[in-house]
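Asks: I have a structure I would like to understand better, so I am pasting it below and will then ask my questions one at a time.
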Amino acid sequence: MTKGFRRGAMALRWVLAVSAVAAGQLQAQDQRTVTGVLRVAGDTAGVNGALVIVLGTGTSTVTDAAGRFSFLRPNDGPLALAISALGFRPDTVSLAADADTLEVRMVRAPIQLAPLEVERGREIPRARFEDLAQLSTITLGAPELRRVPSVLEPDVLRAIQLLPGTVAKNDFSIGFNVRGGEDDQNLIQLDGIPVFNPTHLAGLFSTFDTDAISQTDFLTGGFPAGYSGRLSSVLDIQLRDGDSTRVRGAGQVSLLSSKLLLEGPLPGRASFLVSARRTYMDAVVKTFTSYELPYYFTDLLAKATLPTGAGKLSVTGYWGRDALSLNLVDSTETADRVDLDLNWGNRLLGASWQLPVGNGILRTRASLSNYTTTLGLIPDLVRYDNAALLLTGASALSFRPWTGHHVEVGGSVERYQMRLDLFSPALDASLMHSRYRTAVISGFVDEQWSPSRRVLLRPGVRVEHVPQAGFTGFSPRVAAKFFLTKDMAITGSAGRYFQPVHSIRDQEFPITIWESWISADRNVAVAKSDHVVLGIEAWFARDIQVTLEGYRKTFANLASPNPVQDLRKQGDEFDPATGVSSGFDFLLRKHAGLVRGWVAYTFGTARRTVGDLTYPPAHDRRHTLNIVVQMPGPLRSAMAVRWGYGSPLPYTAFVGEWEHRRYNPITHAFDDSNDEPVAGPRNGSRYPYYTRLDAGLRWTFRKWGVTWEPYLQAVNLYNRRNVFLYFFDYKGIPPTRTGLSQMPLLPTFGLELRF
Amino acid sequence: MRIAPIVLCLALAGCELTEVTLNAGERTVAVHGILDRNNAQPVFIVEYSFNGDTTGRGTARGEGRPQFPIDNATVTLSYPGPGPCTGRTDTLPARAGSPGFYSGVPCRMDPGERALLRVETRDGQVVTGETVMPGIISPQVTTKQGGPVGDTLLNLFRETDTVRIDLGSSIGRGIEVEARRQENATDLELFLFNDSLGMSIAGSVLNPFDNEGTFIFRPGRYYRLAVALGDTNYFDYVRSVGDPITGRGYLNHLKGGIGVFGSVDVREYLLKVGGRQTDPREGLYTIDGTVRSLSFHITLELYIDRDPGFTLTSDPLFGFVQGDVVDFTSMLNPAQSIGRSVDQSGDGVFGSAPGVSGFNPQAFQFSFLATSGTLSLPHRFNISGVRNPTMGQPFPVTVRVPVGNGGNNLQGYPATLTAVQIRGPRSSPAVSSQIERAQ
């Protein structure tokens, strides 16, 4: 294992060395890059999608979600930049000959009051449509995330569940399945740091503070060569930088938790952002009743950003914890205290450094992602531990070698250390003791090529080597776009993807309390998936996007838990499973205006095969429809409405019960029994269809120097009893079926504030 | 287990769905058959699963009895070898008067030998299975205290001792350990299994899910400790359960039906549990007298053992009984009563007794079911009285042998005897360990 790590470290040094050499060569061309940021005057947020034109040169660019932009300096003289963005007063600024960075504060000018027609920059999806061959990608900004009706408080993963290509199995889990893949096939990363289990409270809430999010990119398939590690999707959550001009704050009080966000400047033009959240029901119960609620969760998120010349160094950290501690036995003279302890949480730490190099940018990142689960009868009866640690070093250089070509080359070394222990000190028994130490050494090339005005191509390749599994994978990836008109294009992509980690949780269980992770080695195979996507994308009236994409995916070496595994052995935890899924996604989205939102429809089929058994997985939903509308509401509110429909999901119906009798080895007789189900065909039945209407109202006003945003939300407005689970009774005459519904009508309220 | 909190939370949230009546489900043949190396005459149960239809429901109900027995099935065992049973075929006939039960004397297999099961019903349904006989070789089952009688009696000092089980060189898949009251083999106190051939059990182990924690082992009690080594089928049958949500989970190795066809090798030990004695009411007592002109002389070694969450004013009492009692062979004919010896354990309480009003810490009642020794029939003996707090001073106690319905009628044959506490924590600073060693 140590040998593998050394080899990984050597590969990282090799990647960095190659990058440095390439950077040196490019710097020798003596080109300078101008970088800047546009911020909202009096606010911390960046101006997204602003158009920056270098007057008199033909050079232009568009800001990203954080308001950042960069371009190659067309000459060495002073420059004049014309800046415009929807909802802001256009501005023109100058840049001295010896300056290569600038920050501009843009003044808001609401378009409904402006008598002038304001030219605005392109939305990110529009820019992606025009400039990139990258399919199956949806971007959500912080305002959209905050306004999507959710459970108790805004939640990024609840919003993701409403996008095309995704299936949410029930209301009680923020888990999602993308184009026929399992939950554990979704790569969820925060500022580039993978998060193993981004959930709280048995999967009911996510770990991310929407106030700290700048932008969320969701890739449902055909993702480019720069991404790796999961088969089915990438959810790339980017935190915003803290305000570098003054200290600001934001807070929220909901029925679930309270949180506080602070941001502000640091010496050297640096900035910080810190967010903390904690549930408080345990404290409320303890204060006002004689009972105790032995559960809470907490998050602590922080980011620091430091400009380094023309570059930028960012450090992101996250610490989260769910803790349940139930005292079963008090300590006495004759017995020690015994607690049922369940806690899990993520710890993330990452640093990224962006450095303009010639006409390109070198991005280097090092990160640590640690996830632990402990379940035990503490102190010494029985204890289950799962720890997953991922150390990553990565570097990528993007540059334009020739006109019409944009190339990114990079590599990474990932080191997984997974541990599974089930042991009982009281019984002096180790029931499970598994160790996985896996290195993944990878390199990639990804090119955006515009051979003509009508054609965009994106060839790429990724090579991944997993020494512990004796595995080397070659992942060709290609995407193409052919413009029928300037507003309509035919799109397509294909690629191969590998996944070296698996969750051993039964992915068919309806909720995700936690994941337990292992990684590939000589016994556990690297999973594989091939994607083919073909579609069409069209834009109307500059801000209305329509996409239709058909897909087919195959899966191999999926990890299906082996029910008869021998806990003494490492390597028989899984039966290899294969699978196939196909379908199409439709998205109609309005990006701007007083009324905005989207209609997302997905048609999908999925199958899994384990041994001789082929069955539909629990997320095999044929039709999924979600309509999200954000618009002005009554009483001068901003209103958001969501209506969702899901066709029936499969489940395993029971056809009887049997008495699982207990053998008494002393009397040699069967003298006791438990009633257990006799299951019908696996996932051979289907629940009724699902439908739900949610609505939320939000008001914004300013008082005492603070911006107040109270909100009301209601989930499942018509209180439909969507089925969560069925229970069967075949011992009764006649046999009966009862069950539990998903979330009932749930009105909630809360308050956000900014200062 | 994992469904319980979900059901609770959702039920509280008003998420229960309306009950719906279903059509009858499928009938599955369920077979339970265990070949035990130490049981020459195994009993197999062949029955139908429940499907919501009463057709074929048997009239004999009760624990262990099939409600939908399958009669007239053909149950055969064959032995493909290698081993002493190679080539033999045994048929287990239906047991008369017990529908669904099949029993016989099959060939005694060697460890490692295979057996094939075939069950065919009158309707032509066929269930098959295969098992490999395990074998315990040179078992090491010990406590620190050890035992004076061979290897099968183990003394366990609850606070400091550990039962260590090591079947290291045996042939088998995994072990199952059970502890049951000596007096009642269906009273399961401890059930553990492990995916290995060894295990250690601390004497002070708690069951945290019973009330607010209860001790598994009580000082003053005998336990029958069974160490079973099973083949894969038996071990999977023991360790797995069907999940009430997914329906999966039970590891069924039968074809054509559900259940188990496995084999097991069992060793049984008698565990005598002692412990510290700190309360002056604990200790050694003698009870003497005459009942029906027969000598009645027993010693009681009593322990008070409170659970961690115990809040009652009465103190639970446990104890060993040794000596001579009267065997009421015929309740109606005292002349047939004869003297017998017992070596038992029993339970009781300090704080109350029949005829004593209110709480009295010296009042006690103690009961034991005499099943061992030379008794012809099991009898329950109830002893009660008010203890004399002065060590060595006699006090009267009443012995009753309940008769009638369930043995709970306390009117049966009372006798007044004399009790004396002869040892206890006040009599010696190190009395607890001395008493333990003395036994």
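Simple scheme: letters A, B, ... for chains in structure tokens order, numbers from 1 for residues in each chain, numbers from 1 for ligands in the order shown.
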Once you count only C-alpha atoms, which residues of chain B turn out to be within 6 Å of chain A? Could you give them as number ranges by chain?

Replies: B: 15-17, 19-22, 25-26, 49-52, 64, 199-202, 208, 212-213, 242, 247, 308

Asks: Write out the residues from the selection above, keeping N, CA, C and O atoms, as an mmCIF file, in the first residue's frame.

Replies:
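So the final result, stored in out-v7.cif, reads:
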```cif
data_model
loop_
_atom_site.group_PDB
_atom_site.id
_atom_site.type_symbol
_atom_site.label_atom_id
_atom_site.label_comp_id
_atom_site.auth_asym_id
_atom_site.auth_seq_id
_atom_site.Cartn_x
_atom_site.Cartn_y
_atom_site.Cartn_z
ATOM 1 N N CYS B 15 -48.697 9.675 9.160
ATOM 2 C CA CYS B 15 -48.421 9.187 7.816
ATOM 3 C C CYS B 15 -48.971 7.793 7.578
ATOM 4 O O CYS B 15 -48.614 7.163 6.591
ATOM 5 N N GLU B 16 -49.791 7.288 8.459
ATOM 6 C CA GLU B 16 -50.302 5.925 8.254
ATOM 7 C C GLU B 16 -51.296 5.898 7.103
ATOM 8 O O GLU B 16 -52.130 6.793 6.957
ATOM 9 N N LEU B 17 -51.205 4.847 6.303
ATOM 10 C CA LEU B 17 -52.118 4.675 5.185
ATOM 11 C C LEU B 17 -53.274 3.771 5.599
ATOM 12 O O LEU B 17 -53.162 2.982 6.531
ATOM 13 N N GLU B 19 -55.832 0.749 5.701
ATOM 14 C CA GLU B 19 -55.655 -0.689 5.507
ATOM 15 C C GLU B 19 -56.465 -1.155 4.299
ATOM 16 O O GLU B 19 -57.599 -0.749 4.104
ATOM 17 N N VAL B 20 -55.836 -2.006 3.507
ATOM 18 C CA VAL B 20 -56.468 -2.522 2.291
ATOM 19 C C VAL B 20 -56.503 -4.045 2.388
ATOM 20 O O VAL B 20 -55.518 -4.671 2.790
ATOM 21 N N THR B 21 -57.636 -4.629 2.018
ATOM 22 C CA THR B 21 -57.741 -6.098 2.009
ATOM 23 C C THR B 21 -57.150 -6.649 0.721
ATOM 24 O O THR B 21 -57.387 -6.121 -0.367
ATOM 25 N N LEU B 22 -56.394 -7.720 0.864
ATOM 26 C CA LEU B 22 -55.725 -8.315 -0.289
ATOM 27 C C LEU B 22 -56.318 -9.682 -0.596
ATOM 28 O O LEU B 22 -56.972 -10.307 0.252
ATOM 29 N N GLY B 25 -52.364 -14.805 -0.849
ATOM 30 C CA GLY B 25 -51.078 -14.839 -1.536
ATOM 31 C C GLY B 25 -50.697 -16.261 -1.922
ATOM 32 O O GLY B 25 -51.534 -17.170 -1.983
ATOM 33 N N GLU B 26 -49.431 -16.437 -2.167
ATOM 34 C CA GLU B 26 -48.946 -17.754 -2.591
ATOM 35 C C GLU B 26 -48.633 -18.611 -1.372
ATOM 36 O O GLU B 26 -48.288 -18.104 -0.316
ATOM 37 N N SER B 49 -46.425 -21.812 4.203
ATOM 38 C CA SER B 49 -46.370 -20.446 4.720
ATOM 39 C C SER B 49 -47.793 -19.904 4.854
ATOM 40 O O SER B 49 -48.753 -20.473 4.342
ATOM 41 N N PHE B 50 -47.914 -18.783 5.551
ATOM 42 C CA PHE B 50 -49.205 -18.106 5.674
ATOM 43 C C PHE B 50 -49.465 -17.314 4.388
ATOM 44 O O PHE B 50 -48.578 -16.618 3.893
ATOM 45 N N ASN B 51 -50.684 -17.431 3.908
ATOM 46 C CA ASN B 51 -51.018 -16.646 2.712
ATOM 47 C C ASN B 51 -52.370 -15.956 2.838
ATOM 48 O O ASN B 51 -52.924 -15.468 1.881
ATOM 49 N N GLY B 52 -52.898 -15.953 4.039
ATOM 50 C CA GLY B 52 -54.179 -15.289 4.237
ATOM 51 C C GLY B 52 -55.370 -16.179 3.955
ATOM 52 O O GLY B 52 -56.505 -15.715 3.958
ATOM 53 N N GLY B 64 -44.274 -23.752 18.349
ATOM 54 C CA GLY B 64 -43.562 -24.864 17.742
ATOM 55 C C GLY B 64 -44.413 -25.764 16.879
ATOM 56 O O GLY B 64 -43.892 -26.635 16.205
ATOM 57 N N MET B 199 -15.113 -16.963 20.839
ATOM 58 C CA MET B 199 -15.891 -15.853 21.397
ATOM 59 C C MET B 199 -15.574 -15.755 22.883
ATOM 60 O O MET B 199 -15.244 -16.755 23.522
ATOM 61 N N SER B 200 -15.648 -14.568 23.408
ATOM 62 C CA SER B 200 -15.509 -14.364 24.842
ATOM 63 C C SER B 200 -16.716 -13.582 25.338
ATOM 64 O O SER B 200 -17.167 -12.650 24.668
ATOM 65 N N ILE B 201 -17.230 -13.957 26.475
ATOM 66 C CA ILE B 201 -18.418 -13.292 27.010
ATOM 67 C C ILE B 201 -18.108 -12.863 28.445
ATOM 68 O O ILE B 201 -17.893 -13.713 29.323
ATOM 69 N N ALA B 202 -18.088 -11.560 28.643
ATOM 70 C CA ALA B 202 -17.820 -11.054 29.979
ATOM 71 C C ALA B 202 -18.978 -11.400 30.908
ATOM 72 O O ALA B 202 -20.143 -11.315 30.508
ATOM 73 N N PRO B 208 -28.693 -3.997 27.105
ATOM 74 C CA PRO B 208 -29.103 -2.599 27.287
ATOM 75 C C PRO B 208 -30.512 -2.323 26.791
ATOM 76 O O PRO B 208 -31.071 -1.272 27.076
ATOM 77 N N GLU B 212 -33.991 -0.685 31.429
ATOM 78 C CA GLU B 212 -32.883 0.262 31.314
ATOM 79 C C GLU B 212 -31.571 -0.468 31.517
ATOM 80 O O GLU B 212 -30.637 0.052 32.130
ATOM 81 N N GLY B 213 -31.520 -1.684 31.040
ATOM 82 C CA GLY B 213 -30.312 -2.481 31.168
ATOM 83 C C GLY B 213 -30.497 -3.566 32.203
ATOM 84 O O GLY B 213 -30.825 -3.273 33.356
ATOM 85 N N GLY B 242 -35.532 -11.965 7.496
ATOM 86 C CA GLY B 242 -36.140 -11.303 6.359
ATOM 87 C C GLY B 242 -36.461 -9.857 6.699
ATOM 88 O O GLY B 242 -37.045 -9.565 7.734
ATOM 89 N N GLY B 247 -37.998 -7.264 1.950
ATOM 90 C CA GLY B 247 -38.321 -8.676 1.794
ATOM 91 C C GLY B 247 -37.095 -9.551 1.644
ATOM 92 O O GLY B 247 -37.194 -10.770 1.639
ATOM 93 N N PRO B 308 -29.177 -2.012 36.688
ATOM 94 C CA PRO B 308 -28.762 -0.600 36.731
ATOM 95 C C PRO B 308 -29.931 0.363 36.829
ATOM 96 O O PRO B 308 -29.861 1.357 37.521
#
```

Asks: Would you please give, as a PyMOL selection string, all residues of region 224-312 of chain B that DSSP assigns to strand (DSSP E or B) based on the backbone?

Replies: chain B and resi 224-230+255+258-274+283-291+294-304

Asks: Using backbone DSSP assignments, extract all alpha helix (DSSP H) residues from region 104-267 of chain B; output them as number ranges by chain.

Replies: B: 232-239

Asks: Could you pull the residues within 7 Å of Thr373 (chain A), counting only C-alpha atoms, minus those fewer than 6 positions along the same chain, as a list in words?

Replies: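 Using only C-alpha atoms, the neighbours found are Asn343, Trp344, Gly345, Asp385, Asn386 and Ala387 of chain A.
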
Asks: Please list as a list in words every residue within 6 Å of Ala695 (chain A), counting only C-alpha atoms and excluding residues in the same chain fewer than 2 positions away.

Replies: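 Close residues of Ala695 (chain A): Pro149, Ala640, Val641, Gln713 and Ala714 of chain A.
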
Asks: Given the selection you just returned, output its residues as a file containing N, CA and C atoms, formatted as a PDB file, in the first residue's frame.

Replies:
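Dumped everything to selection_16.pdb:
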```pdb
ATOM      1  N   PRO A 149     -39.134  25.988  -3.389  1.00  0.00           N
ATOM      2  CA  PRO A 149     -39.773  25.516  -2.143  1.00  0.00           C
ATOM      3  C   PRO A 149     -39.119  24.223  -1.662  1.00  0.00           C
ATOM      4  N   ALA A 640     -42.790  31.210  -5.276  1.00  0.00           N
ATOM      5  CA  ALA A 640     -42.268  30.070  -6.022  1.00  0.00           C
ATOM      6  C   ALA A 640     -43.217  28.906  -5.844  1.00  0.00           C
ATOM      7  N   VAL A 641     -43.509  28.252  -6.931  1.00  0.00           N
ATOM      8  CA  VAL A 641     -44.429  27.116  -6.906  1.00  0.00           C
ATOM      9  C   VAL A 641     -43.757  25.951  -7.606  1.00  0.00           C
ATOM     10  N   GLN A 713     -43.540  28.646   3.625  1.00  0.00           N
ATOM     11  CA  GLN A 713     -43.497  27.563   2.655  1.00  0.00           C
ATOM     12  C   GLN A 713     -44.516  26.515   3.045  1.00  0.00           C
ATOM     13  N   ALA A 714     -45.014  25.846   2.065  1.00  0.00           N
ATOM     14  CA  ALA A 714     -45.913  24.714   2.337  1.00  0.00           C
ATOM     15  C   ALA A 714     -45.554  23.592   1.379  1.00  0.00           C
TER      16      ALA A 714
END
```

Asks: For a test of reading the model, state the distance in Å between CA of Ser263 (chain B) and CA of Asn38 (chain B), rounded to one decimal.

Replies: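 Going from CA of Ser263 (chain B) over to CA of Asn38 (chain B), I get 10.6 Å.
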
Asks: Mind giving me the straight-line distance from CA of Phe368 (chain B) to CA of Arg380 (chain B) in Å, one decimal?

Replies: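 Between CA of Phe368 (chain B) and CA of Arg380 (chain B) the gap is 5.6 Å.
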
Asks: Please report the interatomic distance between CA of Pro414 (chain B) and CA of Pro316 (chain B) in Å with one decimal.

Replies: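 Value for the CA of Pro414 (chain B)-CA of Pro316 (chain B) distance: 23.5 Å.
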
Asks: Got a sec: who's within 12 Å of Gly289 (chain B), counting only C-alpha atoms, leaving out chain neighbours fewer than 6 positions off, as an MDAnalysis selection string?

Replies: chainID B and resid 295:298 324:326 396:399 415:420

Asks: Dump N, CA and C atoms for the selected residues as an mmCIF file, in the first residue's frame?

Replies:
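Okay, result-v9.cif is ready:
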```cif
data_model
loop_
_atom_site.group_PDB
_atom_site.id
_atom_site.type_symbol
_atom_site.label_atom_id
_atom_site.label_comp_id
_atom_site.auth_asym_id
_atom_site.auth_seq_id
_atom_site.Cartn_x
_atom_site.Cartn_y
_atom_site.Cartn_z
ATOM 1 N N SER B 295 -37.471 -35.726 56.581
ATOM 2 C CA SER B 295 -36.516 -34.651 56.840
ATOM 3 C C SER B 295 -36.450 -33.696 55.656
ATOM 4 N N PHE B 296 -36.494 -32.433 56.001
ATOM 5 C CA PHE B 296 -36.366 -31.379 54.995
ATOM 6 C C PHE B 296 -35.178 -30.527 55.411
ATOM 7 N N HIS B 297 -34.076 -30.586 54.679
ATOM 8 C CA HIS B 297 -32.875 -29.825 55.034
ATOM 9 C C HIS B 297 -32.225 -29.294 53.757
ATOM 10 N N ILE B 298 -32.217 -27.975 53.630
ATOM 11 C CA ILE B 298 -31.567 -27.372 52.459
ATOM 12 C C ILE B 298 -30.698 -26.202 52.907
ATOM 13 N N ASP B 324 -31.916 -31.728 50.889
ATOM 14 C CA ASP B 324 -32.966 -32.730 50.779
ATOM 15 C C ASP B 324 -34.327 -32.072 50.950
ATOM 16 N N VAL B 325 -35.204 -32.383 50.036
ATOM 17 C CA VAL B 325 -36.574 -31.883 50.125
ATOM 18 C C VAL B 325 -37.504 -33.083 50.088
ATOM 19 N N VAL B 326 -38.765 -32.770 50.143
ATOM 20 C CA VAL B 326 -39.753 -33.841 50.121
ATOM 21 C C VAL B 326 -40.353 -33.921 48.723
ATOM 22 N N PRO B 396 -38.619 -18.443 61.802
ATOM 23 C CA PRO B 396 -39.490 -19.392 61.099
ATOM 24 C C PRO B 396 -39.685 -19.020 59.621
ATOM 25 N N VAL B 397 -39.777 -20.021 58.825
ATOM 26 C CA VAL B 397 -40.135 -19.815 57.416
ATOM 27 C C VAL B 397 -41.211 -20.822 57.055
ATOM 28 N N THR B 398 -41.951 -20.460 56.043
ATOM 29 C CA THR B 398 -43.020 -21.340 55.564
ATOM 30 C C THR B 398 -42.639 -21.886 54.191
ATOM 31 N N VAL B 399 -42.790 -23.176 54.049
ATOM 32 C CA VAL B 399 -42.558 -23.796 52.749
ATOM 33 C C VAL B 399 -43.893 -24.256 52.210
ATOM 34 N N ALA B 415 -45.788 -25.884 55.338
ATOM 35 C CA ALA B 415 -45.082 -26.434 56.498
ATOM 36 C C ALA B 415 -44.205 -25.342 57.066
ATOM 37 N N THR B 416 -44.115 -25.279 58.373
ATOM 38 C CA THR B 416 -43.271 -24.275 59.009
ATOM 39 C C THR B 416 -41.956 -24.908 59.407
ATOM 40 N N LEU B 417 -40.884 -24.314 58.961
ATOM 41 C CA LEU B 417 -39.538 -24.821 59.207
ATOM 42 C C LEU B 417 -38.722 -23.736 59.881
ATOM 43 N N THR B 418 -37.472 -24.070 60.185
ATOM 44 C CA THR B 418 -36.597 -23.124 60.881
ATOM 45 C C THR B 418 -35.412 -22.770 59.992
ATOM 46 N N ALA B 419 -35.194 -21.450 59.882
ATOM 47 C CA ALA B 419 -34.084 -20.976 59.052
ATOM 48 C C ALA B 419 -33.059 -20.264 59.913
ATOM 49 N N VAL B 420 -31.812 -20.350 59.524
ATOM 50 C CA VAL B 420 -30.710 -19.651 60.191
ATOM 51 C C VAL B 420 -29.734 -19.161 59.134
#
```

Asks: Would you mind listing what lies within 6 Å of Pro616 (chain A) as a PyMOL selection string, with only C-alpha atoms counted and same-chain residues fewer than 4 positions away left out?

Replies: chain A and resi 606-607+620

Asks: If you count only C-alpha atoms, which residues fall within 10 Å of Thr316 (chain A), apart from same-chain ones fewer than 5 positions away, as an MDAnalysis selection string?

Replies: chainID A and resid 190:193 239 272:274 301:305 348:352 367
